[in-house]
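K.L.:
As input, take my_file30.txt (compact mmCIF, C-alpha atoms):
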```txt
# COMPACT_ATOMS: atom_id res chain seq x y z
CA MET X 1 0.00 0.00 0.00
CA GLY X 2 2.93 2.32 0.65
CA ILE X 3 3.73 2.36 -3.06
CA LEU X 4 0.52 4.31 -3.67
CA PHE X 5 1.76 7.27 -1.65
CA ASN X 6 5.24 7.37 -3.18
CA PRO X 7 5.16 8.62 -6.80
CA ARG X 8 8.91 8.13 -7.27
CA ARG X 9 8.64 4.47 -6.28
CA PHE X 10 5.40 3.93 -8.23
CA PHE X 11 6.93 5.17 -11.47
CA ALA X 12 10.34 3.57 -10.86
CA GLU X 13 8.62 0.21 -10.46
CA ILE X 14 6.11 0.76 -13.28
CA GLY X 15 6.42 -2.85 -14.43
CA LYS X 16 5.22 -4.02 -11.03
CA THR X 17 2.47 -1.43 -10.80
CA LEU X 18 0.80 -1.95 -14.19
CA GLN X 19 -1.70 -4.38 -12.70
CA LEU X 20 -2.76 -1.77 -10.10
CA ALA X 21 -3.97 0.70 -12.74
CA PRO X 22 -7.42 -0.79 -13.45
CA MET X 23 -8.02 -1.16 -9.72
CA LEU X 24 -7.12 2.51 -9.15
CA VAL X 25 -9.61 3.58 -11.81
CA VAL X 26 -12.41 1.51 -10.29
CA ILE X 27 -11.64 2.61 -6.72
CA ARG X 28 -11.55 6.27 -7.74
CA TRP X 29 -14.83 6.34 -9.64
CA VAL X 30 -16.79 3.87 -7.50
CA GLY X 31 -15.47 5.71 -4.45
CA THR X 32 -16.65 9.03 -5.84
CA ALA X 33 -20.06 7.59 -6.60
CA SER X 34 -20.36 5.87 -3.21
CA PHE X 35 -18.92 8.51 -0.91
CA ILE X 36 -19.76 11.76 -2.70
CA THR X 37 -22.58 11.30 -5.21
CA LEU X 38 -24.67 8.95 -3.06
CA PRO X 39 -24.82 11.32 -0.05
CA LEU X 40 -25.56 14.24 -2.37
CA TRP X 41 -28.47 12.28 -3.82
CA LEU X 42 -29.71 11.08 -0.42
CA PHE X 43 -29.55 14.64 0.98
CA ARG X 44 -31.43 15.86 -2.13
CA THR X 45 -28.66 18.33 -2.89
CA GLN X 46 -28.96 20.37 -6.05
CA PRO X 47 -25.97 20.49 -8.45
CA PHE X 48 -23.84 23.65 -8.36
CA THR X 49 -24.81 24.45 -11.91
CA GLN X 50 -27.53 23.32 -14.27
CA PRO X 51 -26.66 19.99 -15.90
CA TRP X 52 -25.76 20.04 -19.58
CA LEU X 53 -27.23 16.60 -20.01
CA PRO X 54 -31.02 16.49 -20.44
CA ILE X 55 -31.57 15.24 -16.88
CA PRO X 56 -33.57 17.22 -14.31
CA ALA X 57 -31.39 18.74 -11.60
CA GLU X 58 -33.52 17.08 -8.90
CA SER X 59 -32.55 13.59 -10.08
CA TYR X 60 -29.10 14.34 -11.51
CA TYR X 61 -27.12 12.77 -8.67
CA PHE X 62 -29.17 9.57 -8.96
CA TRP X 63 -28.23 9.27 -12.62
CA GLN X 64 -24.65 10.28 -11.89
CA LEU X 65 -24.44 7.26 -9.59
CA ILE X 66 -25.14 5.09 -12.62
CA PHE X 67 -22.92 6.72 -15.25
CA LEU X 68 -19.95 7.81 -13.13
CA LEU X 69 -17.96 4.56 -13.39
CA PRO X 70 -18.38 4.21 -17.19
CA TYR X 71 -17.54 7.90 -17.53
CA GLY X 72 -14.38 7.46 -15.41
CA ILE X 73 -13.23 4.44 -17.41
CA VAL X 74 -13.80 6.19 -20.74
CA LEU X 75 -12.12 9.36 -19.46
CA THR X 76 -9.05 7.41 -18.34
CA LEU X 77 -8.87 5.64 -21.70
CA ILE X 78 -9.19 8.96 -23.57
CA LEU X 79 -6.45 10.60 -21.49
CA SER X 80 -4.24 7.55 -21.97
CA GLY X 81 -4.85 7.52 -25.73
CA VAL X 82 -4.14 11.24 -26.10
CA SER X 83 -0.97 10.89 -24.03
CA LEU X 84 0.22 7.89 -26.01
CA PHE X 85 -0.39 9.75 -29.25
CA PHE X 86 1.93 12.58 -28.18
CA LEU X 87 4.53 10.51 -26.34
CA ARG X 88 7.48 9.05 -28.12
CA GLY X 89 8.98 5.93 -26.75
CA GLY X 90 10.25 2.54 -27.69
CA GLY X 91 8.77 -0.80 -26.93
CA ARG X 92 5.67 -2.57 -28.07
CA PHE X 93 2.42 -0.63 -28.34
CA GLY X 94 0.59 -2.72 -25.73
CA THR X 95 3.35 -2.26 -23.18
CA ARG X 96 3.49 1.47 -23.78
CA PHE X 97 -0.28 1.83 -23.51
CA ARG X 98 -0.35 -0.09 -20.23
CA ALA X 99 2.41 2.13 -18.83
CA VAL X 100 0.61 5.31 -19.94
CA PHE X 101 -2.66 3.95 -18.52
CA ALA X 102 -0.87 3.31 -15.21
CA ILE X 103 0.52 6.87 -15.16
CA ILE X 104 -2.90 8.39 -15.89
CA SER X 105 -4.66 6.12 -13.41
CA TYR X 106 -2.19 6.99 -10.69
CA GLY X 107 -2.36 10.69 -11.51
CA LEU X 108 -6.14 10.62 -11.21
CA PHE X 109 -6.08 8.55 -8.02
CA LEU X 110 -3.59 10.11 -5.62
CA PRO X 111 -4.91 13.73 -5.59
CA TRP X 112 -8.47 12.36 -5.49
CA ILE X 113 -7.87 11.06 -1.96
CA PHE X 114 -7.52 14.64 -0.71
CA CYS X 115 -10.55 15.78 -2.72
CA LEU X 116 -12.55 12.91 -1.27
CA ALA X 117 -11.72 13.92 2.30
CA TRP X 118 -12.48 17.59 1.58
CA ASP X 119 -15.75 16.81 -0.22
CA LEU X 120 -16.89 14.56 2.62
CA PHE X 121 -16.16 17.34 5.08
CA LEU X 122 -18.12 19.84 2.98
CA ILE X 123 -21.10 17.55 2.49
CA PHE X 124 -21.45 16.43 6.08
CA SER X 125 -20.74 19.86 7.59
CA GLY X 126 -23.41 21.48 5.42
CA HIS X 127 -20.92 23.59 3.46
CA TRP X 128 -21.26 21.90 0.07
CA MET X 129 -20.98 24.84 -2.27
CA PHE X 130 -19.06 25.77 -5.38
CA ALA X 131 -16.85 28.37 -3.69
CA TRP X 132 -15.63 25.85 -1.11
CA ALA X 133 -15.11 22.94 -3.52
CA VAL X 134 -13.34 24.71 -6.39
CA PRO X 135 -10.02 25.63 -4.72
CA VAL X 136 -9.28 22.06 -3.59
CA HIS X 137 -10.40 20.56 -6.90
CA THR X 138 -8.26 23.08 -8.79
CA MET X 139 -5.24 22.08 -6.72
CA ALA X 140 -6.07 18.42 -7.43
CA VAL X 141 -6.09 19.04 -11.19
CA LEU X 142 -2.71 20.76 -10.89
CA ALA X 143 -1.37 17.84 -8.85
CA GLU X 144 -2.74 15.39 -11.43
CA GLY X 145 -0.93 17.31 -14.16
CA PHE X 146 2.30 17.27 -12.21
CA LEU X 147 1.99 13.49 -11.67
CA TYR X 148 1.32 12.93 -15.39
CA ALA X 149 4.36 15.01 -16.36
CA TYR X 150 6.55 13.37 -13.74
CA GLY X 151 5.43 9.92 -14.86
CA PHE X 152 5.99 10.65 -18.55
CA HIS X 153 9.44 12.05 -17.80
CA ARG X 154 10.41 9.23 -15.47
CA VAL X 155 8.98 6.28 -17.41
CA PHE X 156 9.45 7.38 -21.02
CA GLY X 157 12.35 9.82 -20.67
CA THR X 158 10.19 12.55 -22.17
CA SER X 159 11.62 16.04 -21.82
CA TRP X 160 10.09 18.10 -19.04
CA GLY X 161 8.67 20.60 -21.54
CA ARG X 162 6.97 17.97 -23.68
CA ALA X 163 5.74 16.09 -20.59
CA ALA X 164 4.27 19.32 -19.17
CA LEU X 165 2.49 20.11 -22.45
CA ILE X 166 0.96 16.63 -22.62
CA ALA X 167 -0.05 16.91 -18.97
CA ALA X 168 -1.64 20.33 -19.58
CA LEU X 169 -3.58 18.95 -22.54
CA ASN X 170 -4.81 16.08 -20.38
CA SER X 171 -5.88 18.50 -17.66
CA LEU X 172 -7.85 20.56 -20.18
CA ILE X 173 -9.57 17.44 -21.50
CA PHE X 174 -10.35 16.33 -17.94
CA ILE X 175 -11.79 19.74 -17.03
CA GLY X 176 -13.81 19.94 -20.26
CA LEU X 177 -15.34 16.49 -20.01
CA SER X 178 -15.95 16.82 -16.28
CA ALA X 179 -17.68 20.17 -16.81
CA LEU X 180 -20.10 18.42 -19.16
CA ILE X 181 -20.80 15.37 -16.98
CA VAL X 182 -19.87 15.67 -13.32
CA ARG X 183 -21.78 17.99 -11.03
```
Starting from the file, lay out its structure as structure tokens.

P.N.:
Amino acid sequence: MGILFNPRRFFAEIGKTLQLAPMLVVIRWVGTASFITLPLWLFRTQPFTQPWLPIPAESYYFWQLIFLLPYGIVLTLILSGVSLFFLRGGGRFGTRFRAVFAIISYGLFLPWIFCLAWDLFLIFSGHWMFAWAVPVHTMAVLAEGFLYAYGFHRVFGTSWGRAALIAALNSLIFIGLSALIVR
């Protein structure tokens, strides 16, 4: 378990951590649905903003419970595919994709733990509001980007500049897709 809280070790031992990636994706998105979306639905909380999807705001969190895991899986695959497209590296395609998927999965997972704790605090203290959630989620997206860049640099030997650009692109995709789906 200690490997999950040590990015240097996680990326240095990427061959050993490849099998953790799917589990991290499932834990992150099922955890979000179970610990964040479910209480929001049970407390009949309204989304911060009107949903873009044609779902009434009153029942949005119920439907988000259902589509959050598929959304998270597709999002992780999209970010991995975009990253792989822009990364240059040797090795077989399947091996490279699994390594990129592990980097993206880890980058989405580790900062999420802090967001989860903060969101739980906000929900159960009665302070669930946009102004309180945004700063921590913004810091999480920045941390995700740093972890992507660090992973690309460490695992693929990508230059810091190129790794940062790919990470920034991933962060923009994450923000854009999340703005459409997640409330």

K.L.:
Just the number, please: distance in Å from atom CA of Ile36 of chain X to atom CA of Pro111 of chain X, one decimal.

P.N.:
15.3 Å

K.L.:
How many Å separate atom CA of Phe124 of chain X from atom CA of Phe35 of chain X?

P.N.:
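Between atom CA of Phe124 of chain X and atom CA of Phe35 of chain X the gap is 10.9 Å.
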
K.L.:
Using Å and a single decimal, report how far atom CA of Phe174 of chain X sits from atom CA of Leu116 of chain X.

P.N.:
17.2 Å

K.L.:
Per residue of segment 43-118 of chain X within 10 Å of segment 18-21 of chain X, note the shortest atom pair and the distance in Å to one decimal, counting all atoms listed in the file, and order the rows by chain and increasing residue number, as CSV.

P.N.:
```
residue,atom,partner,partner_atom,distance
X:Thr95,CA,X:Leu18,CA,9.3
X:Arg98,CA,X:Leu18,CA,6.4
X:Ala99,CA,X:Leu18,CA,6.4
X:Val100,CA,X:Leu18,CA,9.3
X:Phe101,CA,X:Ala21,CA,6.8
X:Ala102,CA,X:Ala21,CA,4.7
X:Ile103,CA,X:Ala21,CA,8.0
X:Ile104,CA,X:Ala21,CA,8.4
X:Ser105,CA,X:Ala21,CA,5.5
X:Tyr106,CA,X:Ala21,CA,6.9
X:Phe109,CA,X:Ala21,CA,9.4
```

K.L.:
Give the answer as one residue: which of X:Ser125, X:Thr158, X:Gln64, X:Asn6 has the shortest atom-to-atom distance to Leu84 of chain X, using only C-alpha atoms?

P.N.:
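Looking at the shortest contact to Leu84 of chain X, the residue is X:Thr158.
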
K.L.:
Excluding same-chain residues fewer than 3 positions from Tyr60 of chain X, what lies within 12 Å of it counting all atoms listed in the file, as a list in words?

P.N.:
Thr37, Leu38, Leu40, Trp41, Leu42, Arg44, Thr45, Gln46, Pro47, Phe48, Thr49, Gln50, Pro51, Trp52, Leu53, Pro54, Ile55, Pro56, Ala57, Trp63, Gln64, Leu65, Ile66, Phe67, Leu68, Ile181, Val182 and Arg183 of chain X

K.L.:
Which residues, written as a PyMOL selection string, have at least one atom at most 6 Å from segment 70-79 of chain X, with all atoms listed in the file counted and residues fewer than 3 positions away on the same chain left out?

P.N.:
chain X and resi 29+67+82+170

K.L.:
Create the file for the chosen residues now, containing C-alpha atoms and written as a PDB file, in the coordinates of the input.

P.N.:
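The resulting file, again_25.pdb, is shown below:
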```pdb
ATOM      1  CA  TRP X  29     -14.830   6.340  -9.640  1.00  0.00           C
ATOM      2  CA  PHE X  67     -22.920   6.720 -15.250  1.00  0.00           C
ATOM      3  CA  VAL X  82      -4.140  11.240 -26.100  1.00  0.00           C
ATOM      4  CA  ASN X 170      -4.810  16.080 -20.380  1.00  0.00           C
TER       5      ASN X 170
END
```

K.L.:
With all atoms listed in the file as the counted atoms, please give the residues lying no more than 6 Å from segment 161-168 of chain X, apart from itself and same-chain residues fewer than 3 positions off, as an MDAnalysis selection string.

P.N.:
chainID X and resid 145 148:149 152 158 171

K.L.:
Generate a file of the selected residues that holds C-alpha atoms, formatted as a CSV table (one decimal), in the frame of the given file.

P.N.:
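This went into part-v4.csv:
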```
chain,number,residue,atom,x,y,z
X,145,GLY,CA,-0.9,17.3,-14.2
X,148,TYR,CA,1.3,12.9,-15.4
X,149,ALA,CA,4.4,15.0,-16.4
X,152,PHE,CA,6.0,10.6,-18.6
X,158,THR,CA,10.2,12.6,-22.2
X,171,SER,CA,-5.9,18.5,-17.7
```

K.L.:
Give the answer as one residue: which of X:Leu180, X:Leu87, X:Val155, X:Ile113 has the shortest atom-to-atom distance to Thr32 of chain X, using all atoms listed in the file?

P.N.:
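For Thr32 of chain X, the nearest of the given residues is X:Ile113.
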